[in-house]
>>> print(open('upload33.txt').read())   # compact mmCIF, C-alpha atoms
# COMPACT_ATOMS: atom_id res chain seq x y z
CA MET A 1452 75.71 -102.21 4.55
CA SER A 1453 72.59 -103.34 6.34
CA ASP A 1454 72.79 -106.85 4.90
CA ILE A 1455 74.18 -109.13 7.58
CA GLY A 1456 73.47 -112.24 5.49
CA ILE A 1457 71.63 -114.66 7.74
CA ASP A 1458 70.76 -117.01 4.85
CA LEU A 1459 72.65 -120.27 4.68
CA VAL A 1460 75.32 -119.39 7.25
CA PRO A 1461 76.94 -122.66 8.42
CA LEU A 1462 76.90 -123.34 12.15
CA ASP A 1463 80.67 -123.06 12.62
CA GLU A 1464 80.53 -119.56 11.14
CA ILE A 1465 77.93 -118.59 13.72
CA GLY A 1466 80.26 -120.05 16.37
CA ALA A 1467 83.21 -118.04 15.03
CA MET A 1468 81.08 -114.90 14.98
CA ALA A 1469 79.94 -115.46 18.56
CA PHE A 1470 83.56 -116.05 19.59
CA TRP A 1471 84.80 -112.80 18.02
CA LEU A 1472 81.82 -110.86 19.33
CA ALA A 1473 82.52 -112.12 22.86
CA LEU A 1474 86.23 -111.37 22.43
CA ILE A 1475 85.65 -107.78 21.25
CA VAL A 1476 83.03 -107.08 23.92
CA GLY A 1477 85.34 -108.63 26.54
CA ILE A 1478 88.29 -106.45 25.52
CA TYR A 1479 85.96 -103.43 25.47
CA LEU A 1480 84.73 -104.13 29.01
CA LEU A 1481 88.33 -104.51 30.21
CA ALA A 1482 89.16 -101.22 28.48
CA ARG A 1483 86.28 -99.53 30.33
CA ARG A 1484 87.45 -101.00 33.62
CA PHE A 1485 90.98 -99.74 32.95
CA GLN A 1486 89.64 -96.31 32.02
CA GLN A 1487 87.87 -96.10 35.40
CA LYS A 1488 91.05 -97.26 37.17
CA VAL A 1489 93.02 -94.32 35.73
CA ASN A 1490 90.18 -91.90 36.58
CA GLY A 1491 89.12 -91.44 32.98
CA HIS A 1492 92.49 -90.19 31.72
CA PRO A 1493 91.94 -88.92 28.14
CA LEU A 1494 94.62 -91.25 26.75
CA ALA A 1495 92.72 -94.26 28.11
CA ASN A 1496 90.29 -94.12 25.19
CA THR A 1497 88.09 -97.22 24.96
CA VAL A 1498 87.97 -97.28 21.14
CA LEU A 1499 91.77 -97.14 20.98
CA LEU A 1500 92.22 -99.68 23.79
CA THR A 1501 89.80 -102.11 22.11
CA ALA A 1502 90.77 -101.65 18.45
CA LEU A 1503 94.54 -102.02 18.99
CA PRO A 1504 94.43 -105.52 20.58
CA VAL A 1505 91.90 -106.67 17.95
CA MET A 1506 94.18 -105.37 15.16
CA PHE A 1507 97.14 -107.09 16.80
CA LEU A 1508 95.29 -110.44 16.95
CA LEU A 1509 94.24 -110.09 13.31
CA ALA A 1510 97.77 -109.19 12.22
CA VAL A 1511 99.25 -112.19 14.04
CA ASP A 1512 96.72 -114.70 12.66
CA LYS A 1513 95.94 -113.94 9.02
CA GLN A 1514 93.31 -116.72 8.92
CA ALA A 1515 91.36 -114.99 11.69
CA MET A 1516 90.27 -112.11 9.44
CA LEU A 1517 87.65 -114.29 7.70
CA GLN A 1518 86.18 -115.29 11.04
CA TYR A 1519 86.35 -111.79 12.49
CA GLU A 1520 84.55 -110.11 9.61
CA PRO A 1521 80.91 -111.13 10.37
CA ALA A 1522 81.32 -110.01 14.01
CA GLY A 1523 82.82 -106.70 12.89
CA ALA A 1524 80.03 -106.25 10.34
CA LEU A 1525 77.38 -106.85 13.03
CA LEU A 1526 78.86 -104.23 15.38
CA LEU A 1527 79.21 -101.77 12.50
CA TRP A 1528 75.60 -102.43 11.50
CA LEU A 1529 74.48 -101.67 15.08
CA LEU A 1530 75.97 -98.18 14.70
CA GLY A 1531 73.10 -97.31 12.33
CA PRO A 1532 70.17 -97.85 14.75
CA ALA A 1533 72.31 -96.54 17.67
CA THR A 1534 72.94 -93.32 15.75
CA VAL A 1535 69.25 -92.93 14.89
CA GLY A 1536 68.78 -92.90 18.68
CA ILE A 1537 70.45 -89.46 18.76
CA ALA A 1538 66.97 -88.14 17.98
CA VAL A 1539 65.99 -88.84 21.62
CA PRO A 1540 68.59 -86.61 23.40
CA LEU A 1541 68.06 -84.10 20.61
CA TYR A 1542 64.33 -84.05 21.44
CA THR A 1543 64.81 -84.03 25.26
CA ASN A 1544 67.32 -81.18 25.03
CA PHE A 1545 65.22 -79.21 22.58
CA HIS A 1546 64.86 -76.41 25.15
CA HIS A 1547 68.68 -76.10 25.38
CA VAL A 1548 68.87 -76.02 21.62
CA ARG A 1549 66.22 -73.30 21.50
CA ARG A 1550 67.78 -71.18 24.26
CA SER A 1551 71.33 -71.43 22.92
CA LEU A 1552 70.23 -71.36 19.29
CA LYS A 1553 72.42 -68.46 18.16
CA PRO A 1554 75.77 -69.69 19.56
CA MET A 1555 74.91 -73.23 18.44
CA VAL A 1556 74.12 -72.33 14.85
CA LEU A 1557 77.16 -70.06 14.52
CA ALA A 1558 79.53 -72.57 16.19
CA LEU A 1559 78.05 -75.38 14.07
CA VAL A 1560 78.54 -73.53 10.79
CA ALA A 1561 82.05 -72.35 11.74
CA GLY A 1562 83.23 -75.65 13.26
CA SER A 1563 81.69 -77.83 10.55
CA THR A 1564 83.09 -75.72 7.71
CA THR A 1565 86.54 -75.60 9.35
CA ALA A 1566 86.53 -79.40 9.76
CA VAL A 1567 85.72 -80.07 6.09
CA VAL A 1568 87.70 -77.26 4.44
CA SER A 1569 90.88 -77.72 6.50
CA ALA A 1570 90.91 -81.51 6.01
CA VAL A 1571 90.37 -81.22 2.25
CA GLY A 1572 92.80 -78.27 1.97
CA ILE A 1573 95.62 -79.95 3.92
CA GLY A 1574 95.13 -83.24 2.06
CA TRP A 1575 95.26 -81.42 -1.27
CA ALA A 1576 98.22 -79.18 -0.34
CA LEU A 1577 100.28 -82.16 0.82
CA GLY A 1578 99.56 -84.07 -2.39
CA ALA A 1579 97.11 -86.77 -1.28
CA GLU A 1580 95.28 -88.76 -3.98
CA ALA A 1581 91.74 -87.67 -4.91
CA GLU A 1582 90.14 -90.74 -3.28
CA THR A 1583 92.00 -90.01 -0.04
CA ILE A 1584 90.81 -86.38 -0.04
CA ARG A 1585 87.21 -87.41 -0.76
CA SER A 1586 87.41 -89.92 2.08
CA LEU A 1587 88.85 -87.28 4.46
CA ALA A 1588 86.13 -84.67 3.84
CA PRO A 1589 83.41 -86.05 6.18
CA LYS A 1590 85.86 -87.23 8.90
CA SER A 1591 84.30 -85.21 11.75
CA VAL A 1592 80.85 -86.76 11.30
CA THR A 1593 79.76 -89.92 13.12
CA THR A 1594 80.56 -93.17 11.24
CA PRO A 1595 77.30 -94.30 9.56
CA ILE A 1596 76.58 -90.77 8.34
CA ALA A 1597 80.20 -90.18 7.24
CA MET A 1598 80.19 -93.49 5.32
CA GLY A 1599 76.96 -92.43 3.63
CA ILE A 1600 78.50 -89.07 2.68
CA ALA A 1601 81.68 -90.76 1.39
CA ASP A 1602 79.51 -92.97 -0.84
CA LYS A 1603 77.71 -89.93 -2.23
CA ILE A 1604 80.88 -87.94 -3.02
CA GLY A 1605 82.99 -90.79 -4.38
CA GLY A 1606 85.17 -91.54 -1.36
CA LEU A 1607 85.93 -94.99 0.06
CA ALA A 1608 83.36 -95.57 2.82
CA PRO A 1609 85.43 -98.04 4.91
CA LEU A 1610 88.46 -95.72 4.72
CA THR A 1611 86.28 -92.79 5.79
CA ALA A 1612 85.04 -94.90 8.70
CA ALA A 1613 88.63 -95.43 9.85
CA PHE A 1614 89.44 -91.69 9.48
CA VAL A 1615 86.34 -90.91 11.56
CA ILE A 1616 87.60 -93.14 14.37
CA VAL A 1617 91.10 -91.63 14.35
CA THR A 1618 89.54 -88.13 14.32
CA GLY A 1619 87.34 -89.02 17.31
CA ILE A 1620 90.30 -90.37 19.27
CA ILE A 1621 92.43 -87.27 18.48
CA GLY A 1622 89.59 -84.99 19.59
CA ALA A 1623 88.82 -86.96 22.75
CA ILE A 1624 92.47 -87.05 23.81
CA SER A 1625 93.35 -83.41 23.08
CA GLY A 1626 90.06 -81.54 23.56
CA ALA A 1627 90.27 -80.65 27.27
CA MET A 1628 93.90 -79.56 26.93
CA LEU A 1629 93.09 -77.38 23.91
CA PHE A 1630 90.06 -75.72 25.55
CA ASN A 1631 92.10 -75.02 28.70
CA ALA A 1632 94.89 -73.50 26.61
CA LEU A 1633 92.34 -71.26 24.85
CA GLY A 1634 90.79 -70.32 28.18
CA VAL A 1635 87.34 -71.60 27.17
CA LYS A 1636 85.62 -72.54 30.44
CA ASP A 1637 81.95 -72.57 29.35
CA GLU A 1638 80.96 -76.25 29.44
CA ARG A 1639 78.45 -75.64 26.66
CA ALA A 1640 81.15 -74.29 24.34
CA ARG A 1641 83.60 -77.08 25.24
CA GLY A 1642 81.02 -79.79 24.67
CA PHE A 1643 79.55 -78.32 21.54
CA ALA A 1644 82.98 -77.90 19.90
CA MET A 1645 83.93 -81.46 20.90
CA GLY A 1646 80.78 -82.97 19.36
CA THR A 1647 81.13 -80.93 16.17
CA ALA A 1648 84.75 -81.95 15.58
CA ALA A 1649 84.91 -85.40 17.18
CA HIS A 1650 81.34 -86.87 17.05
CA GLY A 1651 80.44 -89.75 19.39
CA ILE A 1652 83.95 -90.54 20.62
CA GLY A 1653 84.35 -86.88 21.62
CA THR A 1654 80.88 -87.00 23.20
CA ALA A 1655 81.77 -90.03 25.34
CA ARG A 1656 84.82 -88.06 26.53
CA ALA A 1657 82.76 -84.88 27.13
CA PHE A 1658 80.32 -86.81 29.35
CA GLN A 1659 83.24 -87.92 31.54
CA GLU A 1660 84.17 -84.28 32.10
CA HIS A 1661 80.76 -82.72 32.68
CA GLU A 1662 77.14 -83.60 32.03
CA VAL A 1663 76.39 -80.25 30.39
CA ALA A 1664 79.42 -80.66 28.11
CA GLY A 1665 78.27 -84.17 27.21
CA THR A 1666 74.73 -83.05 26.43
CA PHE A 1667 75.89 -80.21 24.18
CA SER A 1668 78.41 -82.54 22.55
CA GLY A 1669 75.68 -85.05 21.73
CA VAL A 1670 73.47 -82.34 20.28
CA ALA A 1671 76.42 -81.01 18.24
CA MET A 1672 77.19 -84.51 16.92
CA ALA A 1673 73.58 -84.88 15.75
CA LEU A 1674 73.36 -81.40 14.24
CA ASN A 1675 76.75 -81.68 12.51
CA GLY A 1676 75.84 -85.09 11.11
CA ILE A 1677 72.67 -83.66 9.62
CA ALA A 1678 74.28 -80.39 8.43
CA THR A 1679 77.34 -81.99 6.84
CA ALA A 1680 75.24 -84.72 5.22
CA ILE A 1681 73.02 -82.13 3.54
CA VAL A 1682 75.64 -79.50 2.64
CA LEU A 1683 78.74 -81.49 1.68
CA PRO A 1684 77.26 -83.62 -1.15
CA LEU A 1685 75.60 -80.49 -2.58
CA ILE A 1686 78.93 -78.59 -2.57
CA TRP A 1687 80.58 -81.60 -4.21
CA LEU A 1688 77.79 -81.77 -6.80
CA ILE A 1689 78.27 -78.10 -7.68
CA ALA A 1690 82.08 -78.26 -7.60
CA ALA A 1691 82.21 -81.38 -9.79
CA MET B 1426 55.09 -101.54 27.86
CA ARG B 1427 57.66 -102.76 30.45
CA GLY B 1428 60.72 -104.94 30.41
CA LEU B 1429 62.22 -106.89 27.57
CA PRO B 1430 59.36 -106.74 25.00
CA GLY B 1431 59.31 -102.95 25.30
CA LEU B 1432 63.06 -102.71 24.84
CA ALA B 1433 62.94 -105.08 21.86
CA LEU B 1434 60.19 -102.98 20.33
CA ALA B 1435 62.25 -99.81 20.93
CA PHE B 1436 65.25 -101.41 19.23
CA ALA B 1437 63.05 -102.54 16.31
CA LEU B 1438 61.78 -98.97 15.97
CA LEU B 1439 65.38 -97.67 15.67
CA VAL B 1440 66.18 -100.34 13.07
CA VAL B 1441 63.02 -99.54 11.08
CA CYS B 1442 63.75 -95.78 11.11
CA ASN B 1443 67.30 -96.47 9.89
CA GLU B 1444 66.16 -98.89 7.18
CA VAL B 1445 63.34 -96.65 5.96
CA GLY B 1446 65.91 -93.84 5.84
CA ASN B 1447 68.30 -96.01 3.82
CA TRP B 1448 65.51 -97.08 1.50
CA LEU B 1449 64.35 -93.50 0.91
CA SER B 1450 67.93 -92.34 0.34
CA ASP B 1451 68.51 -95.09 -2.26
CA THR B 1452 65.13 -95.01 -3.98
CA LEU B 1453 64.88 -91.25 -4.31
CA ALA B 1454 68.66 -90.94 -4.95
CA LEU B 1455 68.84 -88.30 -2.19
CA PRO B 1456 72.21 -86.73 -1.41
CA VAL B 1457 71.51 -87.28 2.32
CA PRO B 1458 72.56 -90.60 3.97
CA GLY B 1459 69.79 -92.88 5.24
CA THR B 1460 70.80 -92.63 8.89
CA VAL B 1461 70.23 -88.85 8.87
CA ILE B 1462 66.77 -89.38 7.37
CA GLY B 1463 66.21 -92.01 10.08
CA ILE B 1464 67.10 -89.44 12.79
CA LEU B 1465 64.69 -86.91 11.25
CA ILE B 1466 61.88 -89.49 11.03
CA LEU B 1467 62.29 -90.42 14.70
CA LEU B 1468 62.58 -86.76 15.74
CA ALA B 1469 59.40 -85.91 13.82
CA GLY B 1470 57.67 -88.84 15.53
CA LEU B 1471 58.77 -87.65 18.99
CA LEU B 1472 57.70 -84.07 18.28
CA ALA B 1473 54.31 -85.37 17.12
CA THR B 1474 53.91 -87.68 20.15
CA GLY B 1475 55.10 -85.06 22.63
CA HIS B 1476 57.00 -87.49 24.87
CA VAL B 1477 59.65 -90.23 24.81
CA PRO B 1478 58.32 -93.71 25.69
CA ASP B 1479 60.35 -95.09 28.62
CA PRO B 1480 61.69 -98.21 26.82
CA LEU B 1481 62.86 -96.04 23.90
CA ARG B 1482 64.63 -93.68 26.30
CA ARG B 1483 66.36 -96.60 28.04
CA MET B 1484 67.32 -98.36 24.80
CA THR B 1485 68.81 -95.24 23.20
CA ALA B 1486 70.65 -94.30 26.43
CA PHE B 1487 72.14 -97.82 26.51
CA LEU B 1488 73.19 -97.80 22.84
CA LEU B 1489 74.58 -94.26 22.96
CA SER B 1490 76.58 -94.98 26.14
CA HIS B 1491 78.31 -97.84 24.28
CA LEU B 1492 78.84 -96.08 20.94
CA ASN B 1493 82.59 -96.53 21.43
CA LEU B 1494 82.16 -100.32 21.19
CA PHE B 1495 80.32 -99.99 17.88
CA TYR B 1496 83.07 -97.71 16.52
CA VAL B 1497 85.74 -100.42 17.02
CA PRO B 1498 85.28 -102.33 13.70
CA ALA B 1499 85.45 -99.08 11.73
CA GLY B 1500 88.82 -98.37 13.36
CA VAL B 1501 90.03 -101.92 12.74
CA GLY B 1502 89.09 -101.38 9.07
CA LEU B 1503 92.21 -99.20 8.78
CA MET B 1504 94.11 -102.51 8.34
CA GLY B 1505 92.59 -102.95 4.89
CA TYR B 1506 94.26 -99.79 3.56
CA ILE B 1507 97.94 -100.33 4.36
CA ALA B 1508 99.01 -99.57 0.76
CA LEU B 1509 96.98 -96.36 0.55
CA LEU B 1510 98.18 -95.33 4.02
CA ARG B 1511 101.79 -95.89 3.04
CA ARG B 1512 101.29 -93.65 0.00
CA ASP B 1513 99.35 -90.83 1.71
CA LEU B 1514 100.43 -91.20 5.36
CA LEU B 1515 101.78 -87.65 5.79
CA PRO B 1516 98.79 -85.77 4.31
CA ILE B 1517 96.37 -88.04 6.19
CA ALA B 1518 98.12 -87.67 9.55
CA VAL B 1519 98.56 -83.89 9.24
CA ALA B 1520 95.00 -83.39 7.93
CA LEU B 1521 93.43 -85.44 10.73
CA VAL B 1522 95.40 -83.88 13.60
CA VAL B 1523 95.43 -80.25 12.43
CA SER B 1524 91.86 -80.23 11.08
CA THR B 1525 90.42 -81.77 14.26
CA LEU B 1526 92.25 -79.32 16.56
CA LEU B 1527 91.29 -76.37 14.31
CA ALA B 1528 87.61 -77.38 14.17
CA MET B 1529 87.48 -77.76 17.97
CA ALA B 1530 89.22 -74.40 18.54
CA VAL B 1531 87.03 -72.54 16.04
CA GLY B 1532 83.84 -74.19 17.33
CA ALA B 1533 84.60 -73.39 20.99
CA LEU B 1534 85.74 -69.80 20.34
CA VAL B 1535 82.78 -68.98 18.09
CA PHE B 1536 80.35 -70.48 20.62
CA ARG B 1537 81.88 -68.45 23.48
CA TRP B 1538 81.84 -65.27 21.38
CA ALA B 1539 78.24 -65.77 20.27
CA ALA B 1540 77.07 -66.69 23.79
CA LYS B 1541 78.76 -63.63 25.32
CA GLY B 1542 76.55 -62.10 27.97
CA ASP B 1543 74.16 -65.01 28.49
CA ASP B 1544 76.55 -66.66 31.03
CA GLY B 1545 74.98 -70.04 30.60
CA GLU B 1546 71.52 -68.80 31.53
CA GLY B 1547 70.27 -71.39 29.06
CA MET B 1548 71.24 -74.00 31.65
CA GLU B 1549 69.08 -74.97 34.58
>>> encode(input="upload33.txt", output="structure tokens")
Amino acid sequence: MSDIGIDLVPLDEIGAMAFWLALIVGIYLLARRFQQKVNGHPLANTVLLTALPVMFLLAVDKQAMLQYEPAGALLLWLLGPATVGIAVPLYTNFHHVRRSLKPMVLALVAGSTTAVVSAVGIGWALGAEAETIRSLAPKSVTTPIAMGIADKIGGLAPLTAAFVIVTGIIGAISGAMLFNALGVKDERARGFAMGTAAHGIGTARAFQEHEVAGTFSGVAMALNGIATAIVLPLIWLIAA
Amino acid sequence: MRGLPGLALAFALLVVCNEVGNWLSDTLALPVPGTVIGILILLAGLLATGHVPDPLRRMTAFLLSHLNLFYVPAGVGLMGYIALLRRDLLPIAVALVVSTLLAMAVGALVFRWAAKGDDGEGME
């Protein structure tokens, strides 16, 4: 996953990669601009608004997939170091974590377990194939960690990655509405639940709503990534 | 260290933590993914140092504020699984929507219940 293959790459491939990289970043910047124009409406999700045009371009021009792939691989690779960076907000907000330790631990255990058990249970009850269910299990965890978990439990890592993105978009779009309907006003609770269920995409959304919500969401994303990564493969090992 | 060299060094540190994590995960056949080990290594380093170097703070803030860009290829990857999606579309769609809403509801309600009485006093 970390091998971006810089040996013997012909120049025109580097050109194609630079072109696709510029294209994706360009669409992403436009998506951000649009999101600001509509005052951060939840439906104006930048992952959705960037991925859909890219998928459309790739579907129209079948040849383009070969040229797109190195650029996609580079961005995906960057997720690894970017995710390691979660340690910094985790460290800076250590006092929040300490002061709200009890609600955090309980909400983490409850939210994390619900995310895994309900996804696996629904997939199984509705007759999904085993590889689909294994790929669904870590869907609430941020991509590089979820792909790692999928590898360990026999799921398809790239499929898991896609499920993670869809999960994040669903959470980011519906979170505020759901919390309002439930009457949950505490920004800590809203953010923490968002980060547990919808990782970084939910966290980006939470930061648009409130800084406290964003901070707790980021902490929840980190904690849930660590917790799920440790617990889920062990459960799978025992169950198998 | 200021400016670009500091930021480059901060980025290199993140890459090294991630790669060491991956290497440990593979070599020791740990059930935990490398990125999680990378987070724990960096966190241990920060706890030992007692502060966050400014370039590291700026680099991680930049990367984390653009996480959505880095998520794009993973979403685009859905295109490679049209056949599997066709077969399992209903269970996948129901599982993703219901499970995400359930996890958010349970997480928020449990947090509010467990934090009852502290009224956000944990916040400055």
>>> residues_around(input="upload33.txt", residues="Gly1574 (chain A)", least_positions_apart="4", cutoff="7 Å", atoms="only C-alpha atoms", output="list in words")
Ala1570, Gly1578, Ala1579 and Ile1584 of chain A; Pro1516, Ile1517 and Ala1520 of chain B
>>> residues_around(input="upload33.txt", residues="region 1485-1494 of chain B", least_positions_apart="6", cutoff="7 Å", atoms="all atoms listed in the file", output="short mmCIF file (atom, residue, chain, number, x, y, z; two decimals) with C-alpha atoms, in the coordinates of the input")
data_model
loop_
_atom_site.label_atom_id
_atom_site.label_comp_id
_atom_site.auth_asym_id
_atom_site.auth_seq_id
_atom_site.Cartn_x
_atom_site.Cartn_y
_atom_site.Cartn_z
CA TYR A 1479 85.96 -103.43 25.47
CA THR A 1497 88.09 -97.22 24.96
CA VAL A 1498 87.97 -97.28 21.14
CA ALA A 1533 72.31 -96.54 17.67
CA GLY A 1536 68.78 -92.90 18.68
CA GLY A 1651 80.44 -89.75 19.39
CA ILE A 1652 83.95 -90.54 20.62
#
>>> interface_residues(input="upload33.txt", of="chain B", to="chain A", cutoff="7 Å", atoms="only C-alpha atoms", output="PyMOL selection string")
chain B and resi 1439-1440+1443+1456-1458+1460-1461+1463-1464+1467-1468+1482+1485+1488-1489+1492-1503+1513+1516-1517+1520-1522+1524-1529+1531-1533+1535-1537+1539-1540+1547
>>> atom_distance(input="upload33.txt", atom1="CA of Gly1606 (chain A)", atom2="CA of Ala1581 (chain A)")
8.4 Å
>>> closest_residue(input="upload33.txt", among="B:Gly1475, B:Pro1480, B:Pro1430, B:Gly1470", to="Cys1442 (chain B)", atoms="all atoms listed in the file")
B:Gly1470
>>> atom_distance(input="upload33.txt", atom1="CA of Leu1509 (chain B)", atom2="CA of Ser1586 (chain A)")
11.6 Å
>>> atom_distance(input="upload33.txt", atom1="CA of Ala1467 (chain A)", atom2="CA of Met1516 (chain A)")
10.8 Å
